[in-house]
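Below: final.txt (compact mmCIF, C-alpha atoms)
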# COMPACT_ATOMS: atom_id res chain seq x y z
CA MET A 113 112.40 99.78 97.99
CA ARG A 114 111.36 102.98 99.69
CA LEU A 115 109.26 105.78 98.34
CA LEU A 116 110.40 109.30 99.02
CA THR A 117 108.90 111.09 102.00
CA ASN A 118 107.46 113.53 99.43
CA SER A 119 105.24 110.77 98.02
CA ARG A 120 104.02 109.54 101.38
CA TYR A 121 103.37 113.01 102.76
CA GLY A 122 102.04 114.28 99.43
CA THR A 123 99.37 111.60 99.17
CA ARG A 124 98.37 112.29 102.79
CA LEU A 125 98.23 116.05 102.10
CA LEU A 126 96.14 115.62 98.97
CA LEU A 127 93.72 113.36 100.86
CA ASP A 128 93.53 115.84 103.76
CA ILE A 129 92.68 118.68 101.36
CA ALA A 130 90.15 116.50 99.54
CA VAL A 131 88.41 115.65 102.82
CA HIS A 132 88.57 119.06 104.51
CA GLY A 133 88.48 121.39 101.50
CA ARG A 134 85.14 120.66 99.93
CA ASP A 135 83.42 123.86 101.06
CA GLU A 136 86.33 126.19 101.73
CA PRO A 137 90.08 126.33 101.17
CA VAL A 138 92.29 124.45 103.61
CA LEU A 139 94.98 126.34 105.49
CA MET A 140 98.35 124.63 105.37
CA ARG A 141 98.83 125.11 109.11
CA ASP A 142 95.60 123.14 109.71
CA SER A 143 96.76 120.29 107.46
CA ALA A 144 100.17 120.34 109.17
CA LYS A 145 98.52 120.04 112.57
CA ARG A 146 96.19 117.21 111.51
CA LEU A 147 98.98 115.29 109.75
CA GLY A 148 101.74 115.99 112.25
CA ILE A 149 104.05 117.24 109.49
CA SER A 150 106.01 120.48 109.28
CA GLN A 151 104.06 123.28 107.61
CA LYS A 152 107.12 124.36 105.62
CA TYR A 153 107.60 120.84 104.28
CA LEU A 154 103.93 120.57 103.31
CA GLU A 155 104.12 123.95 101.54
CA LYS A 156 107.01 122.60 99.42
CA ILE A 157 104.96 119.52 98.51
CA ALA A 158 101.87 121.67 97.85
CA ARG A 159 103.86 123.66 95.26
CA GLN A 160 104.66 120.41 93.44
CA LEU A 161 101.01 119.36 93.57
CA LYS A 162 99.92 122.80 92.32
CA ASN A 163 102.44 122.68 89.45
CA GLY A 164 101.12 119.19 88.63
CA GLY A 165 97.58 120.56 88.33
CA TYR A 166 96.13 118.89 91.44
CA LEU A 167 95.82 121.92 93.73
CA THR A 168 94.71 125.51 93.42
CA THR A 169 95.50 128.22 95.90
CA ARG A 170 93.59 131.28 96.96
CA ARG A 171 95.26 134.23 98.66
CA GLY A 172 93.75 136.51 101.25
CA PRO A 173 91.73 136.16 104.45
CA ASN A 174 89.63 133.32 103.01
CA GLY A 175 92.60 131.74 101.27
CA GLY A 176 94.13 128.33 101.34
CA HIS A 177 94.38 125.22 99.17
CA MET A 178 91.68 123.30 97.32
CA LEU A 179 91.70 120.45 94.84
CA ALA A 180 91.86 121.62 91.24
CA VAL A 181 90.17 118.44 89.98
CA ASP A 182 87.62 115.91 91.19
CA PRO A 183 89.29 113.44 93.62
CA ALA A 184 87.60 110.56 91.77
CA SER A 185 89.72 111.40 88.72
CA ILE A 186 93.09 111.33 90.55
CA THR A 187 94.93 108.03 90.98
CA VAL A 188 97.46 107.48 93.73
CA GLY A 189 99.88 106.26 91.07
CA GLU A 190 99.87 109.51 89.11
CA VAL A 191 100.48 111.56 92.26
CA VAL A 192 103.34 109.29 93.33
CA ARG A 193 104.84 109.54 89.81
CA LEU A 194 104.76 113.32 90.07
CA LEU A 195 106.28 113.45 93.55
CA GLU A 196 108.89 110.76 92.83
CA GLY A 197 109.94 112.54 89.63
CA GLY A 198 109.19 109.53 87.43
CA THR A 199 108.60 105.82 87.61
CA ASP A 200 112.06 104.36 88.08
CA LEU A 201 112.78 102.46 91.29
CA VAL A 202 116.50 102.61 90.60
CA GLY A 203 118.57 105.10 88.63
CA CYS A 204 119.41 102.73 85.82
CA GLY A 205 115.80 101.92 84.97
CA LYS A 206 115.15 104.93 82.75
CA ASP A 207 117.21 103.89 79.73
CA ALA A 208 120.33 102.01 78.76
CA VAL A 209 122.33 105.25 78.58
CA THR A 210 121.95 105.86 82.35
CA CYS A 211 122.87 102.24 83.17
CA SER A 212 126.61 101.73 83.41
CA HIS A 213 126.17 97.97 82.95
CA ALA A 214 123.85 98.03 79.92
CA PRO A 215 123.26 96.17 77.67
CA GLY A 216 124.37 93.08 79.59
CA CYS A 217 122.64 93.81 82.91
CA LEU A 218 119.85 91.33 83.55
CA THR A 219 118.69 92.96 86.78
CA ARG A 220 117.80 96.25 85.03
CA LEU A 221 114.84 94.50 83.43
CA LEU A 222 113.80 93.16 86.85
CA TRP A 223 113.69 96.69 88.33
CA LYS A 224 111.78 98.03 85.34
CA GLU A 225 109.16 95.28 85.75
CA ALA A 226 108.93 95.86 89.51
CA SER A 227 108.35 99.55 88.90
CA LEU A 228 105.62 98.82 86.35
CA ALA A 229 103.91 96.43 88.77
CA MET A 230 104.01 98.92 91.65
CA TYR A 231 102.58 101.78 89.60
CA SER A 232 99.99 99.50 88.03
CA HIS A 233 98.81 98.64 91.54
CA LEU A 234 98.84 102.27 92.74
CA ASP A 235 96.84 103.28 89.66
CA LYS A 236 93.97 101.10 90.90
CA PHE A 237 93.31 103.50 93.80
CA ARG A 238 91.62 106.86 93.33
CA PHE A 239 91.50 109.66 95.84
CA GLY A 240 87.71 109.70 95.59
CA GLU A 241 87.70 106.16 96.99
CA LEU A 242 90.04 107.18 99.80
CA VAL A 243 87.79 110.16 100.63
CA ASN A 244 84.84 107.76 100.92
CA TYR A 245 86.79 105.59 103.36
CA ALA A 246 87.80 108.64 105.39
CA GLU A 247 84.15 109.68 105.61
CA LYS A 248 83.26 106.19 106.86
CA GLY A 249 85.81 106.59 109.65
CA VAL A 250 88.42 104.16 108.35
CA LYS A 251 91.72 104.98 110.06
CA PHE A 252 95.31 104.13 109.18
CA GLY A 253 96.00 100.49 109.99
CA ASP A 254 92.35 99.47 110.30
CA TYR A 255 92.49 97.38 107.17
CA CYS A 256 96.17 96.69 106.68
CA VAL A 257 96.55 93.29 105.02
CA ARG A 258 98.31 91.86 108.07
CA THR A 259 95.87 93.30 110.65
CA ILE A 260 92.49 93.06 108.93
CA THR A 261 91.48 89.87 110.76
CA GLU A 262 92.04 91.67 114.06
CA HIS A 263 89.57 94.46 113.24
CA PRO A 264 86.35 94.21 115.31
CA GLU A 265 84.11 94.73 112.27
CA PHE A 266 85.83 92.06 110.20
CA LYS A 267 83.15 89.76 108.74
CA ARG A 268 84.96 87.59 106.20
CA GLU A 269 87.47 84.78 106.68
CA ILE A 270 90.82 85.12 105.03
CA PRO A 271 92.59 81.87 104.17
CA VAL A 272 95.44 81.32 106.59
CA SER A 273 98.67 80.61 104.78
CA SER A 274 102.30 81.57 104.93
CA LYS A 275 101.61 84.11 102.17
CA CYS A 276 98.83 86.69 102.20
CA SER A 277 98.06 87.77 98.66
CA LEU A 278 96.71 91.23 97.95
CA ALA A 279 94.18 89.41 95.77
CA ASP A 280 92.71 87.98 99.00
CA VAL A 281 92.38 91.34 100.76
CA THR A 282 92.85 94.74 99.21
CA LEU A 283 91.81 98.26 100.01
CA THR A 284 89.31 98.16 97.16
CA GLY A 285 87.52 95.28 98.90
CA LEU A 286 86.73 97.27 102.05
CA GLU A 287 83.03 97.37 101.23
CA ASP A 288 82.89 93.68 102.19
CA PHE A 289 84.00 94.55 105.71
CA LEU A 290 82.12 97.75 106.48
Can you give me the file's structure in the form of structure tokens?
Amino acid sequence: MRLLTNSRYGTRLLLDIAVHGRDEPVLMRDSAKRLGISQKYLEKIARQLKNGGYLTTRRGPNGGHMLAVDPASITVGEVVRLLEGGTDLVGCGKDAVTCSHAPGCLTRLLWKEASLAMYSHLDKFRFGELVNYAEKGVKFGDYCVRTITEHPEFKREIPVSSKCSLADVTLTGLEDFL
């Protein structure tokens, strides 16, 4: 499964605006430079985020983009749903009418459950939490499940096994390590 580039870039853009746009609007060219993403592409994503009620824009010399709502009230899951255009991982997940193999397809139910599990997990993370981590200096990869034990500030043992469960180490447990 792969999320659209819109979702990955859109969550990064929203976080960038949340971090840098507290006191004044953020210029898209500044976000593009910080994120290493085309300004035109970010502007397209920003329109989706504005239409979804997450961003406001201000025109003029002091213009730019700001969050329309408190980052603590925005979940990653709801932003990904908006940017993905729904919750279906595969085209047939929406309803039996769109599935050419319904009603006898057993895998359709599997994809629906996988989608529910993914969004349930993404709904656990709020942008306010991500802003707090950004302010503490947490960088991409610092606390990735597979690399957390390599981080110099790591203070807790993770059980070594062939499987590493997200229940053992998750982004929401970063406070234990900082």
Distance criterion (all atoms listed in the file): nearest to Leu115 of chain A out of A:Ala130, A:Leu154, A:Leu179, A:Met230: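 For Leu115 of chain A, the nearest of the given residues is A:Met230.
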For atom CA of Lys152 of chain A and atom CA of Asp182 of chain A, the interatomic separation in Å (one decimal):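 Distance reported for this atom pair: 25.7 Å.
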Draw an axis-aligned box over all listed atoms of segment 236-243 of chain A, pad each side with 3 Å, and write its centre and edge lengths in Å, one decimal, as lines of an AutoDock Vina configuration file.
center_x = 90.8
center_y = 105.6
center_z = 95.8
size_x = 12.3
size_y = 15.1
size_z = 15.7
Counting all atoms listed in the file, the residue of A:Tyr231, A:Lys236, A:Arg171, A:Val131 that sits nearest Lys248 of chain A: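 Smallest distance to Lys248 of chain A is found for A:Val131.
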Selection: 12 Å around Ile129 of chain A, all atoms listed in the file, excl. self and same-chain fewer than 4 positions, as a VMD selection string: chain A and resid 122 to 125 133 to 144 146 to 147 154 158 161 166 to 169 176 to 183 239 to 240 242 to 243 246
Skipping near chain neighbours, those fewer than 6 positions away, what residues fall within 10 Å of Leu116 of chain A using all atoms listed in the file, listed as a PDB file with C-alpha atoms, keeping the file's coordinate frame?
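Generated output (out_18.pdb):
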ATOM      1  CA  GLY A 122     102.040 114.280  99.430  1.00  0.00           C
ATOM      2  CA  VAL A 192     103.340 109.290  93.330  1.00  0.00           C
ATOM      3  CA  LEU A 195     106.280 113.450  93.550  1.00  0.00           C
ATOM      4  CA  GLU A 196     108.890 110.760  92.830  1.00  0.00           C
ATOM      5  CA  GLY A 197     109.940 112.540  89.630  1.00  0.00           C
TER       6      GLY A 197
END
Residue nearest Thr187 of chain A among A:Arg120, A:Arg238, A:Arg220, A:His132 (counting all atoms listed in the file):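 For Thr187 of chain A, the nearest of the given residues is A:Arg238.
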Nearest residue to Tyr245 of chain A from the set A:Gln151, A:Leu127, A:Ala229, A:Tyr121 (distances using all atoms listed in the file): A:Leu127
Pick from A:Gly175, A:Glu241, A:Val191, A:Ala184, whichever lies nearest to Asn163 of chain A using all atoms listed in the file: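 The answer is A:Val191, which sits nearest to Asn163 of chain A.
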Best match for closeness to Asp200 of chain A among A:Ser227, A:Ser150, A:Ser185, A:Thr219, counting only C-alpha atoms: A:Ser227
Distance of atom CA of Arg170 of chain A from atom CA of Arg193 of chain A, expressed in Å to one decimal place: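 It comes out at 25.5 Å.
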Gap from atom CA of Ile186 of chain A to atom CA of Gly164 of chain A - Å, one decimal: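 A separation of 11.4 Å between them.
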